[in-house]
Amino acid sequence: MKALIRADASVDIGMGHRVRCQALAQALVELGWTCCFVVDRRYQAFAAANDYFIDSEAECLALASNADLMILDHYGYLADDITALFQAQPNLLVLDDMNDRGDFSAKWVLNPINQTYSANVEHALIGSQYALLRPEFLARSTQFNHASNQLLITLGGTDPLALTLPILQALNARGFLMTDIQVLLGSSAKNADAVKRFCQDHAIALEQGLSDVTPLMGRAKMAISAAGSTLYELACLGVPTIFAQVADNQTRSLQQHVPLGWCDSMRFDTLSENERRAQTEALVKTVVAKWQDDRWLRTARDTALSLVDGRGAARVANCVTSS
């Protein structure tokens, strides 16, 4: 059985699409599938050598008709494009976040937040139980020590708005203990050299490009994070978090998770550079207040742990295989 996955990654797109699709691909492989990514040639620097590289979406349609399953995680596809892909490959799984592309046809749609889709979708896999996490998250937070005074800062695989350095500078200006900070940079993070110099000058622990981030997340008392797929990773490991929203597609997940009480958020992607500086100060002020609120931290951790169990990829793979 052959599955094709249409997803791209880049500094501007981020790594989230690729990462969550890799988690699903691994679960499918364990059930006997062969999986291959279909990637726009412009983004081959963020792809693997054995990916299919295409120059137009028409090539993807041709490839889809010769597969047993097509997985689509691509915001460039609107409703008509998705329906055309479904006509080429009726075993179509669409990964979605915003539900803002109109009614489309698909065999399955996967959305880890609660959304309602039309009857043109045969099976809706909805809710955080379907969040696609890598297998290492199955270890769960009970195996980690959250008692340490460690603030994890992770702004995604690429840190598209280069927020890590100004957040560190604002924390330092407020007198936050620099040795209590752990920075995690993606392998393609913007402004990485400047972040590394600042961390070296202030004795801040830093890791970049880790394949397994669970030990760092598992030690964190609290986190500052971008709100893509990392939201579900941090929830799974029970880490109270202040999210910096860096993309529009993160809006609805934050709208559903912030009211639950385990996290807070501030939006950056719609702001000018000057406005981002003020927003950074506001974010750090919130972090410092929450850091000292032991009651909130305990409640937030328990709530987060109840939301995501790390088995979403296996659930989706089983649904697809058994249908």
# chains A, B, ... in the order shown; residues from 1 in each chain; ligands from 1
>>> residues_around(residues="segment 201-211 of chain A", least_positions_apart="4", cutoff="6 Å", atoms="only C-alpha atoms", output="PDB file with N, CA and C atoms, in the first residue's frame")
ATOM      1  N   MET A 178      18.745  34.089  34.281  1.00  0.00           N
ATOM      2  CA  MET A 178      19.087  33.547  32.972  1.00  0.00           C
ATOM      3  C   MET A 178      19.441  32.064  33.022  1.00  0.00           C
ATOM      4  N   THR A 179      19.970  31.609  34.134  1.00  0.00           N
ATOM      5  CA  THR A 179      20.334  30.195  34.241  1.00  0.00           C
ATOM      6  C   THR A 179      19.109  29.292  34.398  1.00  0.00           C
ATOM      7  N   ILE A 181      16.718  29.420  32.194  1.00  0.00           N
ATOM      8  CA  ILE A 181      16.152  29.400  30.846  1.00  0.00           C
ATOM      9  C   ILE A 181      16.811  28.302  30.006  1.00  0.00           C
ATOM     10  N   GLN A 182      15.995  27.599  29.249  1.00  0.00           N
ATOM     11  CA  GLN A 182      16.467  26.644  28.244  1.00  0.00           C
ATOM     12  C   GLN A 182      15.906  27.079  26.891  1.00  0.00           C
ATOM     13  N   VAL A 183      16.787  27.400  25.954  1.00  0.00           N
ATOM     14  CA  VAL A 183      16.375  27.792  24.611  1.00  0.00           C
ATOM     15  C   VAL A 183      16.476  26.589  23.685  1.00  0.00           C
ATOM     16  N   LEU A 184      15.438  26.397  22.893  1.00  0.00           N
ATOM     17  CA  LEU A 184      15.434  25.352  21.878  1.00  0.00           C
ATOM     18  C   LEU A 184      15.197  26.010  20.528  1.00  0.00           C
ATOM     19  N   LEU A 185      16.198  25.933  19.657  1.00  0.00           N
ATOM     20  CA  LEU A 185      16.106  26.493  18.308  1.00  0.00           C
ATOM     21  C   LEU A 185      15.909  25.380  17.298  1.00  0.00           C
ATOM     22  N   GLY A 186      15.076  25.653  16.297  1.00  0.00           N
ATOM     23  CA  GLY A 186      14.995  24.751  15.168  1.00  0.00           C
ATOM     24  C   GLY A 186      16.251  24.861  14.324  1.00  0.00           C
ATOM     25  N   SER A 187      16.487  23.867  13.500  1.00  0.00           N
ATOM     26  CA  SER A 187      17.714  23.853  12.700  1.00  0.00           C
ATOM     27  C   SER A 187      17.775  25.008  11.709  1.00  0.00           C
TER      28      SER A 187
END
>>> residues_around(residues="segment 243-248 of chain A", least_positions_apart="3", cutoff="7 Å", atoms="only C-alpha atoms", output="list in words")
Leu161, Ile224, Ser225, Ala226, Ala227, Thr251, Asp264, Ser265, Met266, Arg267, Phe268 and Asp269 of chain A
>>> residues_around(residues="segment 103-112 of chain A", least_positions_apart="2", cutoff="8 Å", atoms="only C-alpha atoms", output="PDB file with all heavy atoms, in the first residue's frame")
ATOM      1  N   ALA A  79     -11.081  24.912  -1.709  1.00  0.00           N
ATOM      2  CA  ALA A  79     -12.102  23.864  -1.779  1.00  0.00           C
ATOM      3  C   ALA A  79     -12.129  23.181  -3.138  1.00  0.00           C
ATOM      4  O   ALA A  79     -12.166  21.939  -3.223  1.00  0.00           O
ATOM      5  CB  ALA A  79     -13.473  24.453  -1.457  1.00  0.00           C
ATOM      6  N   ASP A  80     -12.118  23.947  -4.226  1.00  0.00           N
ATOM      7  CA  ASP A  80     -12.168  23.343  -5.560  1.00  0.00           C
ATOM      8  C   ASP A  80     -10.929  22.498  -5.841  1.00  0.00           C
ATOM      9  O   ASP A  80     -11.027  21.437  -6.482  1.00  0.00           O
ATOM     10  CB  ASP A  80     -12.305  24.431  -6.625  1.00  0.00           C
ATOM     11  CG  ASP A  80     -13.687  25.083  -6.615  1.00  0.00           C
ATOM     12  OD1 ASP A  80     -14.607  24.520  -5.979  1.00  0.00           O
ATOM     13  OD2 ASP A  80     -13.829  26.156  -7.227  1.00  0.00           O
ATOM     14  N   ILE A  82      -9.111  20.899  -3.601  1.00  0.00           N
ATOM     15  CA  ILE A  82      -9.213  19.675  -2.793  1.00  0.00           C
ATOM     16  C   ILE A  82     -10.185  18.697  -3.444  1.00  0.00           C
ATOM     17  O   ILE A  82      -9.905  17.492  -3.533  1.00  0.00           O
ATOM     18  CB  ILE A  82      -9.658  20.012  -1.356  1.00  0.00           C
ATOM     19  CG1 ILE A  82      -8.606  20.892  -0.669  1.00  0.00           C
ATOM     20  CG2 ILE A  82      -9.895  18.741  -0.552  1.00  0.00           C
ATOM     21  CD1 ILE A  82      -9.049  21.444   0.669  1.00  0.00           C
ATOM     22  N   THR A  83     -11.309  19.207  -3.932  1.00  0.00           N
ATOM     23  CA  THR A  83     -12.285  18.334  -4.584  1.00  0.00           C
ATOM     24  C   THR A  83     -11.705  17.706  -5.848  1.00  0.00           C
ATOM     25  O   THR A  83     -11.954  16.518  -6.135  1.00  0.00           O
ATOM     26  CB  THR A  83     -13.567  19.125  -4.900  1.00  0.00           C
ATOM     27  OG1 THR A  83     -14.139  19.587  -3.661  1.00  0.00           O
ATOM     28  CG2 THR A  83     -14.586  18.267  -5.632  1.00  0.00           C
ATOM     29  N   PHE A  86      -9.572  14.940  -4.786  1.00  0.00           N
ATOM     30  CA  PHE A  86     -10.421  13.825  -4.372  1.00  0.00           C
ATOM     31  C   PHE A  86     -10.932  13.025  -5.570  1.00  0.00           C
ATOM     32  O   PHE A  86     -11.046  11.796  -5.519  1.00  0.00           O
ATOM     33  CB  PHE A  86     -11.590  14.364  -3.542  1.00  0.00           C
ATOM     34  CG  PHE A  86     -12.595  13.332  -3.116  1.00  0.00           C
ATOM     35  CD1 PHE A  86     -12.237  12.311  -2.250  1.00  0.00           C
ATOM     36  CD2 PHE A  86     -13.907  13.395  -3.554  1.00  0.00           C
ATOM     37  CE1 PHE A  86     -13.167  11.351  -1.842  1.00  0.00           C
ATOM     38  CE2 PHE A  86     -14.842  12.456  -3.156  1.00  0.00           C
ATOM     39  CZ  PHE A  86     -14.467  11.435  -2.295  1.00  0.00           C
ATOM     40  N   PRO A  90      -9.800   9.002  -4.558  1.00  0.00           N
ATOM     41  CA  PRO A  90     -10.905   9.022  -3.584  1.00  0.00           C
ATOM     42  C   PRO A  90     -10.480   8.705  -2.152  1.00  0.00           C
ATOM     43  O   PRO A  90     -11.210   9.020  -1.218  1.00  0.00           O
ATOM     44  CB  PRO A  90     -11.875   7.977  -4.129  1.00  0.00           C
ATOM     45  CG  PRO A  90     -11.054   7.109  -5.025  1.00  0.00           C
ATOM     46  CD  PRO A  90      -9.992   7.981  -5.605  1.00  0.00           C
ATOM     47  N   ASN A  91      -9.323   8.076  -1.973  1.00  0.00           N
ATOM     48  CA  ASN A  91      -8.801   7.874  -0.617  1.00  0.00           C
ATOM     49  C   ASN A  91      -7.946   9.085  -0.249  1.00  0.00           C
ATOM     50  O   ASN A  91      -6.718   9.036  -0.244  1.00  0.00           O
ATOM     51  CB  ASN A  91      -7.986   6.582  -0.541  1.00  0.00           C
ATOM     52  CG  ASN A  91      -8.864   5.358  -0.593  1.00  0.00           C
ATOM     53  OD1 ASN A  91      -9.979   5.352  -0.093  1.00  0.00           O
ATOM     54  ND2 ASN A  91      -8.371   4.303  -1.223  1.00  0.00           N
ATOM     55  N   LEU A  92      -8.635  10.194   0.021  1.00  0.00           N
ATOM     56  CA  LEU A  92      -7.977  11.468   0.312  1.00  0.00           C
ATOM     57  C   LEU A  92      -8.205  11.855   1.765  1.00  0.00           C
ATOM     58  O   LEU A  92      -9.351  11.944   2.226  1.00  0.00           O
ATOM     59  CB  LEU A  92      -8.514  12.570  -0.605  1.00  0.00           C
ATOM     60  CG  LEU A  92      -8.042  13.998  -0.292  1.00  0.00           C
ATOM     61  CD1 LEU A  92      -6.520  14.133  -0.480  1.00  0.00           C
ATOM     62  CD2 LEU A  92      -8.776  15.011  -1.155  1.00  0.00           C
ATOM     63  N   LEU A  93      -7.112  12.095   2.485  1.00  0.00           N
ATOM     64  CA  LEU A  93      -7.144  12.596   3.854  1.00  0.00           C
ATOM     65  C   LEU A  93      -6.627  14.027   3.851  1.00  0.00           C
ATOM     66  O   LEU A  93      -5.494  14.277   3.422  1.00  0.00           O
ATOM     67  CB  LEU A  93      -6.276  11.720   4.764  1.00  0.00           C
ATOM     68  CG  LEU A  93      -5.946  12.270   6.158  1.00  0.00           C
ATOM     69  CD1 LEU A  93      -7.203  12.473   6.991  1.00  0.00           C
ATOM     70  CD2 LEU A  93      -4.964  11.352   6.882  1.00  0.00           C
ATOM     71  N   VAL A  94      -7.443  14.958   4.304  1.00  0.00           N
ATOM     72  CA  VAL A  94      -7.065  16.369   4.354  1.00  0.00           C
ATOM     73  C   VAL A  94      -6.778  16.761   5.798  1.00  0.00           C
ATOM     74  O   VAL A  94      -7.630  16.571   6.680  1.00  0.00           O
ATOM     75  CB  VAL A  94      -8.180  17.266   3.784  1.00  0.00           C
ATOM     76  CG1 VAL A  94      -7.791  18.741   3.893  1.00  0.00           C
ATOM     77  CG2 VAL A  94      -8.475  16.898   2.331  1.00  0.00           C
ATOM     78  N   LEU A  95      -5.591  17.294   6.060  1.00  0.00           N
ATOM     79  CA  LEU A  95      -5.258  17.838   7.377  1.00  0.00           C
ATOM     80  C   LEU A  95      -5.602  19.317   7.368  1.00  0.00           C
ATOM     81  O   LEU A  95      -5.205  20.059   6.455  1.00  0.00           O
ATOM     82  CB  LEU A  95      -3.772  17.635   7.681  1.00  0.00           C
ATOM     83  CG  LEU A  95      -3.377  16.281   8.280  1.00  0.00           C
ATOM     84  CD1 LEU A  95      -3.718  15.138   7.343  1.00  0.00           C
ATOM     85  CD2 LEU A  95      -1.886  16.253   8.609  1.00  0.00           C
ATOM     86  N   ASP A  96      -6.338  19.754   8.384  1.00  0.00           N
ATOM     87  CA  ASP A  96      -6.858  21.116   8.395  1.00  0.00           C
ATOM     88  C   ASP A  96      -6.688  21.725   9.781  1.00  0.00           C
ATOM     89  O   ASP A  96      -6.544  21.010  10.776  1.00  0.00           O
ATOM     90  CB  ASP A  96      -8.341  21.112   7.980  1.00  0.00           C
ATOM     91  CG  ASP A  96      -8.851  22.490   7.633  1.00  0.00           C
ATOM     92  OD1 ASP A  96      -8.064  23.333   7.172  1.00  0.00           O
ATOM     93  OD2 ASP A  96     -10.055  22.737   7.823  1.00  0.00           O
ATOM     94  N   ASP A  97      -6.722  23.064   9.822  1.00  0.00           N
ATOM     95  CA  ASP A  97      -6.654  23.782  11.090  1.00  0.00           C
ATOM     96  C   ASP A  97      -7.768  24.813  11.225  1.00  0.00           C
ATOM     97  O   ASP A  97      -8.367  24.948  12.280  1.00  0.00           O
ATOM     98  CB  ASP A  97      -5.299  24.500  11.240  1.00  0.00           C
ATOM     99  CG  ASP A  97      -4.139  23.548  11.316  1.00  0.00           C
ATOM    100  OD1 ASP A  97      -4.065  22.789  12.293  1.00  0.00           O
ATOM    101  OD2 ASP A  97      -3.305  23.546  10.388  1.00  0.00           O
ATOM    102  N   ARG A 101     -11.800  27.166   4.086  1.00  0.00           N
ATOM    103  CA  ARG A 101     -11.595  27.070   2.638  1.00  0.00           C
ATOM    104  C   ARG A 101     -12.873  26.705   1.889  1.00  0.00           C
ATOM    105  O   ARG A 101     -12.847  26.404   0.705  1.00  0.00           O
ATOM    106  CB  ARG A 101     -10.505  26.032   2.340  1.00  0.00           C
ATOM    107  CG  ARG A 101      -9.130  26.490   2.793  1.00  0.00           C
ATOM    108  CD  ARG A 101      -8.052  25.481   2.497  1.00  0.00           C
ATOM    109  NE  ARG A 101      -7.933  24.476   3.533  1.00  0.00           N
ATOM    110  CZ  ARG A 101      -6.958  23.562   3.563  1.00  0.00           C
ATOM    111  NH1 ARG A 101      -6.065  23.528   2.591  1.00  0.00           N
ATOM    112  NH2 ARG A 101      -6.902  22.677   4.542  1.00  0.00           N
ATOM    113  N   ASN A 114     -12.137  21.428  17.470  1.00  0.00           N
ATOM    114  CA  ASN A 114     -13.526  21.076  17.177  1.00  0.00           C
ATOM    115  C   ASN A 114     -14.097  21.987  16.096  1.00  0.00           C
ATOM    116  O   ASN A 114     -14.287  23.181  16.315  1.00  0.00           O
ATOM    117  CB  ASN A 114     -14.368  21.169  18.454  1.00  0.00           C
ATOM    118  CG  ASN A 114     -13.946  20.150  19.494  1.00  0.00           C
ATOM    119  OD1 ASN A 114     -13.677  19.001  19.159  1.00  0.00           O
ATOM    120  ND2 ASN A 114     -13.872  20.559  20.754  1.00  0.00           N
ATOM    121  N   GLN A 115     -14.348  21.407  14.932  1.00  0.00           N
ATOM    122  CA  GLN A 115     -14.918  22.120  13.796  1.00  0.00           C
ATOM    123  C   GLN A 115     -15.987  21.245  13.146  1.00  0.00           C
ATOM    124  O   GLN A 115     -15.972  20.017  13.288  1.00  0.00           O
ATOM    125  CB  GLN A 115     -13.837  22.442  12.763  1.00  0.00           C
ATOM    126  CG  GLN A 115     -12.743  23.377  13.267  1.00  0.00           C
ATOM    127  CD  GLN A 115     -13.204  24.816  13.364  1.00  0.00           C
ATOM    128  OE1 GLN A 115     -13.463  25.472  12.372  1.00  0.00           O
ATOM    129  NE2 GLN A 115     -13.325  25.304  14.591  1.00  0.00           N
ATOM    130  N   TYR A 117     -17.742  20.050   9.546  1.00  0.00           N
ATOM    131  CA  TYR A 117     -17.521  19.981   8.103  1.00  0.00           C
ATOM    132  C   TYR A 117     -18.788  19.500   7.401  1.00  0.00           C
ATOM    133  O   TYR A 117     -19.676  18.911   8.022  1.00  0.00           O
ATOM    134  CB  TYR A 117     -16.349  19.053   7.792  1.00  0.00           C
ATOM    135  CG  TYR A 117     -15.024  19.641   8.213  1.00  0.00           C
ATOM    136  CD1 TYR A 117     -14.552  19.465   9.512  1.00  0.00           C
ATOM    137  CD2 TYR A 117     -14.263  20.393   7.333  1.00  0.00           C
ATOM    138  CE1 TYR A 117     -13.353  20.026   9.918  1.00  0.00           C
ATOM    139  CE2 TYR A 117     -13.054  20.960   7.727  1.00  0.00           C
ATOM    140  CZ  TYR A 117     -12.605  20.777   9.019  1.00  0.00           C
ATOM    141  OH  TYR A 117     -11.416  21.337   9.423  1.00  0.00           O
ATOM    142  N   SER A 118     -18.856  19.751   6.103  1.00  0.00           N
ATOM    143  CA  SER A 118     -20.043  19.399   5.323  1.00  0.00           C
ATOM    144  C   SER A 118     -20.142  17.894   5.127  1.00  0.00           C
ATOM    145  O   SER A 118     -19.193  17.140   5.367  1.00  0.00           O
ATOM    146  CB  SER A 118     -19.991  20.095   3.958  1.00  0.00           C
ATOM    147  OG  SER A 118     -19.105  19.416   3.085  1.00  0.00           O
ATOM    148  N   ASN A 120     -19.993  16.428   2.507  1.00  0.00           N
ATOM    149  CA  ASN A 120     -19.096  15.998   1.431  1.00  0.00           C
ATOM    150  C   ASN A 120     -17.844  15.319   1.976  1.00  0.00           C
ATOM    151  O   ASN A 120     -17.107  14.682   1.225  1.00  0.00           O
ATOM    152  CB  ASN A 120     -18.692  17.182   0.555  1.00  0.00           C
ATOM    153  CG  ASN A 120     -19.873  17.762  -0.207  1.00  0.00           C
ATOM    154  OD1 ASN A 120     -20.781  17.024  -0.586  1.00  0.00           O
ATOM    155  ND2 ASN A 120     -19.862  19.060  -0.425  1.00  0.00           N
ATOM    156  N   VAL A 121     -17.590  15.480   3.259  1.00  0.00           N
ATOM    157  CA  VAL A 121     -16.510  14.761   3.934  1.00  0.00           C
ATOM    158  C   VAL A 121     -17.106  13.502   4.547  1.00  0.00           C
ATOM    159  O   VAL A 121     -18.019  13.577   5.370  1.00  0.00           O
ATOM    160  CB  VAL A 121     -15.850  15.632   5.016  1.00  0.00           C
ATOM    161  CG1 VAL A 121     -14.853  14.804   5.823  1.00  0.00           C
ATOM    162  CG2 VAL A 121     -15.163  16.841   4.396  1.00  0.00           C
ATOM    163  N   GLU A 122     -16.593  12.350   4.152  1.00  0.00           N
ATOM    164  CA  GLU A 122     -17.177  11.085   4.603  1.00  0.00           C
ATOM    165  C   GLU A 122     -16.899  10.805   6.077  1.00  0.00           C
ATOM    166  O   GLU A 122     -17.771  10.331   6.810  1.00  0.00           O
ATOM    167  CB  GLU A 122     -16.656   9.939   3.735  1.00  0.00           C
ATOM    168  CG  GLU A 122     -17.074  10.039   2.265  1.00  0.00           C
ATOM    169  CD  GLU A 122     -16.509   8.910   1.431  1.00  0.00           C
ATOM    170  OE1 GLU A 122     -16.265   7.817   1.981  1.00  0.00           O
ATOM    171  OE2 GLU A 122     -16.291   9.130   0.226  1.00  0.00           O
ATOM    172  N   HIS A 123     -15.677  11.087   6.523  1.00  0.00           N
ATOM    173  CA  HIS A 123     -15.293  10.795   7.909  1.00  0.00           C
ATOM    174  C   HIS A 123     -14.524  11.992   8.467  1.00  0.00           C
ATOM    175  O   HIS A 123     -13.479  12.371   7.930  1.00  0.00           O
ATOM    176  CB  HIS A 123     -14.415   9.546   7.989  1.00  0.00           C
ATOM    177  CG  HIS A 123     -15.008   8.334   7.353  1.00  0.00           C
ATOM    178  ND1 HIS A 123     -16.018   7.602   7.937  1.00  0.00           N
ATOM    179  CD2 HIS A 123     -14.743   7.737   6.158  1.00  0.00           C
ATOM    180  CE1 HIS A 123     -16.349   6.600   7.148  1.00  0.00           C
ATOM    181  NE2 HIS A 123     -15.592   6.655   6.063  1.00  0.00           N
ATOM    182  N   ALA A 124     -15.020  12.583   9.548  1.00  0.00           N
ATOM    183  CA  ALA A 124     -14.354  13.711  10.193  1.00  0.00           C
ATOM    184  C   ALA A 124     -13.654  13.226  11.464  1.00  0.00           C
ATOM    185  O   ALA A 124     -14.317  12.742  12.389  1.00  0.00           O
ATOM    186  CB  ALA A 124     -15.362  14.803  10.519  1.00  0.00           C
ATOM    187  N   LEU A 125     -12.346  13.328  11.489  1.00  0.00           N
ATOM    188  CA  LEU A 125     -11.546  12.950  12.654  1.00  0.00           C
ATOM    189  C   LEU A 125     -11.232  14.244  13.404  1.00  0.00           C
ATOM    190  O   LEU A 125     -10.277  14.954  13.087  1.00  0.00           O
ATOM    191  CB  LEU A 125     -10.267  12.237  12.207  1.00  0.00           C
ATOM    192  CG  LEU A 125     -10.470  11.070  11.218  1.00  0.00           C
ATOM    193  CD1 LEU A 125      -9.132  10.469  10.809  1.00  0.00           C
ATOM    194  CD2 LEU A 125     -11.376  10.011  11.822  1.00  0.00           C
ATOM    195  N   ILE A 126     -12.045  14.559  14.378  1.00  0.00           N
ATOM    196  CA  ILE A 126     -12.057  15.873  14.998  1.00  0.00           C
ATOM    197  C   ILE A 126     -11.720  15.774  16.479  1.00  0.00           C
ATOM    198  O   ILE A 126     -12.247  14.923  17.197  1.00  0.00           O
ATOM    199  CB  ILE A 126     -13.445  16.536  14.838  1.00  0.00           C
ATOM    200  CG1 ILE A 126     -13.869  16.576  13.368  1.00  0.00           C
ATOM    201  CG2 ILE A 126     -13.453  17.931  15.443  1.00  0.00           C
ATOM    202  CD1 ILE A 126     -12.933  17.335  12.476  1.00  0.00           C
ATOM    203  N   GLY A 127     -10.839  16.668  16.937  1.00  0.00           N
ATOM    204  CA  GLY A 127     -10.535  16.748  18.356  1.00  0.00           C
ATOM    205  C   GLY A 127      -9.081  16.436  18.659  1.00  0.00           C
ATOM    206  O   GLY A 127      -8.354  15.867  17.842  1.00  0.00           O
ATOM    207  N   SER A 128      -8.657  16.819  19.865  1.00  0.00           N
ATOM    208  CA  SER A 128      -7.252  16.693  20.237  1.00  0.00           C
ATOM    209  C   SER A 128      -6.793  15.249  20.354  1.00  0.00           C
ATOM    210  O   SER A 128      -5.591  14.984  20.372  1.00  0.00           O
ATOM    211  CB  SER A 128      -6.982  17.435  21.549  1.00  0.00           C
ATOM    212  OG  SER A 128      -7.801  16.938  22.592  1.00  0.00           O
ATOM    213  N   GLN A 129      -7.725  14.281  20.419  1.00  0.00           N
ATOM    214  CA  GLN A 129      -7.315  12.878  20.450  1.00  0.00           C
ATOM    215  C   GLN A 129      -6.692  12.450  19.129  1.00  0.00           C
ATOM    216  O   GLN A 129      -6.054  11.405  19.035  1.00  0.00           O
ATOM    217  CB  GLN A 129      -8.503  11.968  20.785  1.00  0.00           C
ATOM    218  CG  GLN A 129      -9.566  11.845  19.709  1.00  0.00           C
ATOM    219  CD  GLN A 129     -10.668  12.873  19.867  1.00  0.00           C
ATOM    220  OE1 GLN A 129     -10.435  13.976  20.359  1.00  0.00           O
ATOM    221  NE2 GLN A 129     -11.872  12.499  19.473  1.00  0.00           N
ATOM    222  N   TYR A 130      -6.842  13.292  18.089  1.00  0.00           N
ATOM    223  CA  TYR A 130      -6.249  12.994  16.788  1.00  0.00           C
ATOM    224  C   TYR A 130      -5.008  13.857  16.498  1.00  0.00           C
ATOM    225  O   TYR A 130      -4.501  13.847  15.370  1.00  0.00           O
ATOM    226  CB  TYR A 130      -7.273  13.193  15.676  1.00  0.00           C
ATOM    227  CG  TYR A 130      -8.416  12.214  15.738  1.00  0.00           C
ATOM    228  CD1 TYR A 130      -9.698  12.633  16.113  1.00  0.00           C
ATOM    229  CD2 TYR A 130      -8.236  10.868  15.440  1.00  0.00           C
ATOM    230  CE1 TYR A 130     -10.756  11.734  16.178  1.00  0.00           C
ATOM    231  CE2 TYR A 130      -9.286   9.965  15.508  1.00  0.00           C
ATOM    232  CZ  TYR A 130     -10.534  10.404  15.876  1.00  0.00           C
ATOM    233  OH  TYR A 130     -11.575   9.510  15.933  1.00  0.00           O
ATOM    234  N   ALA A 131      -4.535  14.605  17.469  1.00  0.00           N
ATOM    235  CA  ALA A 131      -3.321  15.403  17.265  1.00  0.00           C
ATOM    236  C   ALA A 131      -2.154  14.494  16.895  1.00  0.00           C
ATOM    237  O   ALA A 131      -1.922  13.466  17.548  1.00  0.00           O
ATOM    238  CB  ALA A 131      -2.995  16.194  18.530  1.00  0.00           C
TER     239      ALA A 131
END
>>> closest_residue(among="A:Ala192, A:Gly310, A:Pro240, A:Ile153", to="Arg295 of chain A", atoms="only C-alpha atoms")
A:Pro240
>>> select_by_dssp(residues="segment 57-263 of chain A", states="strand (DSSP E)", output="count of residues only")
44
>>> residues_around(residues="segment 312-318 of chain A", least_positions_apart="3", cutoff="7 Å", atoms="only C-alpha atoms", output="number ranges by chain")
A: 23-24, 27-28, 129-133, 321-322
>>> residues_around(residues="Ala88 of chain A", least_positions_apart="4", cutoff="8 Å", atoms="only C-alpha atoms", output="PyMOL selection string")
chain A and resi 61-62+64-65+84
>>> select_by_dssp(residues="segment 73-156 of chain A", states="helix (DSSP H, G or I)", output="ChimeraX atom specification")
/A:79-88,128-130,135-139,141-143
>>> closest_residue(among="A:Glu233, A:Asp68, A:Asp100, A:Asp193", to="Thr154 of chain A", atoms="only C-alpha atoms")
A:Glu233
>>> closest_residue(among="A:Asp159, A:Asp293, A:Glu136, A:Glu30", to="Asp212 of chain A", atoms="only C-alpha atoms")
A:Glu136
>>> atom_distance(atom1="atom CA of Ala300 of chain A", atom2="atom CA of Gly228 of chain A")
18.8 Å
>>> residues_around(residues="Arg298 of chain A", least_positions_apart="5", cutoff="10 Å", atoms="only C-alpha atoms", output="list of chain:residue names")
A:Lys221, A:Gly238, A:Val239, A:Pro240, A:Trp262, A:Asp293, A:Thr303
>>> residues_around(residues="Tyr52 of chain A", least_positions_apart="3", cutoff="7 Å", atoms="only C-alpha atoms", output="count of residues only")
3
>>> closest_residue(among="A:Gly218, A:Pro166, A:Gly102, A:Gly261", to="Gln279 of chain A", atoms="only C-alpha atoms")
A:Pro166
>>> decode(residues="segment 199-227 of chain A", atoms="C-alpha atoms", output="compact mmCIF listing (two decimals), in the first residue's frame")
# COMPACT_ATOMS: atom_id res chain seq x y z
CA CYS A 199 22.97 32.77 25.30
CA GLN A 200 26.72 32.31 25.54
CA ASP A 201 27.17 35.77 27.07
CA HIS A 202 24.44 35.17 29.68
CA ALA A 203 25.04 31.48 30.56
CA ILE A 204 21.73 30.39 29.00
CA ALA A 205 21.38 26.72 28.02
CA LEU A 206 20.76 26.29 24.30
CA GLU A 207 20.06 23.36 21.99
CA GLN A 208 19.46 23.47 18.25
CA GLY A 209 17.98 20.98 15.81
CA LEU A 210 17.22 18.22 18.31
CA SER A 211 15.48 15.16 16.89
CA ASP A 212 13.90 14.35 20.27
CA VAL A 213 12.67 17.37 22.21
CA THR A 214 10.74 15.49 24.88
CA PRO A 215 13.50 15.54 27.54
CA LEU A 216 13.72 19.35 27.37
CA MET A 217 9.95 19.76 27.41
CA GLY A 218 9.64 17.20 30.18
CA ARG A 219 11.96 19.20 32.45
CA ALA A 220 10.19 22.50 31.88
CA LYS A 221 8.23 24.17 34.63
CA MET A 222 6.74 26.47 32.00
CA ALA A 223 7.26 27.41 28.35
CA ILE A 224 7.12 30.29 25.90
CA SER A 225 6.28 28.81 22.53
CA ALA A 226 4.89 29.34 19.07
CA ALA A 227 1.43 27.84 18.75
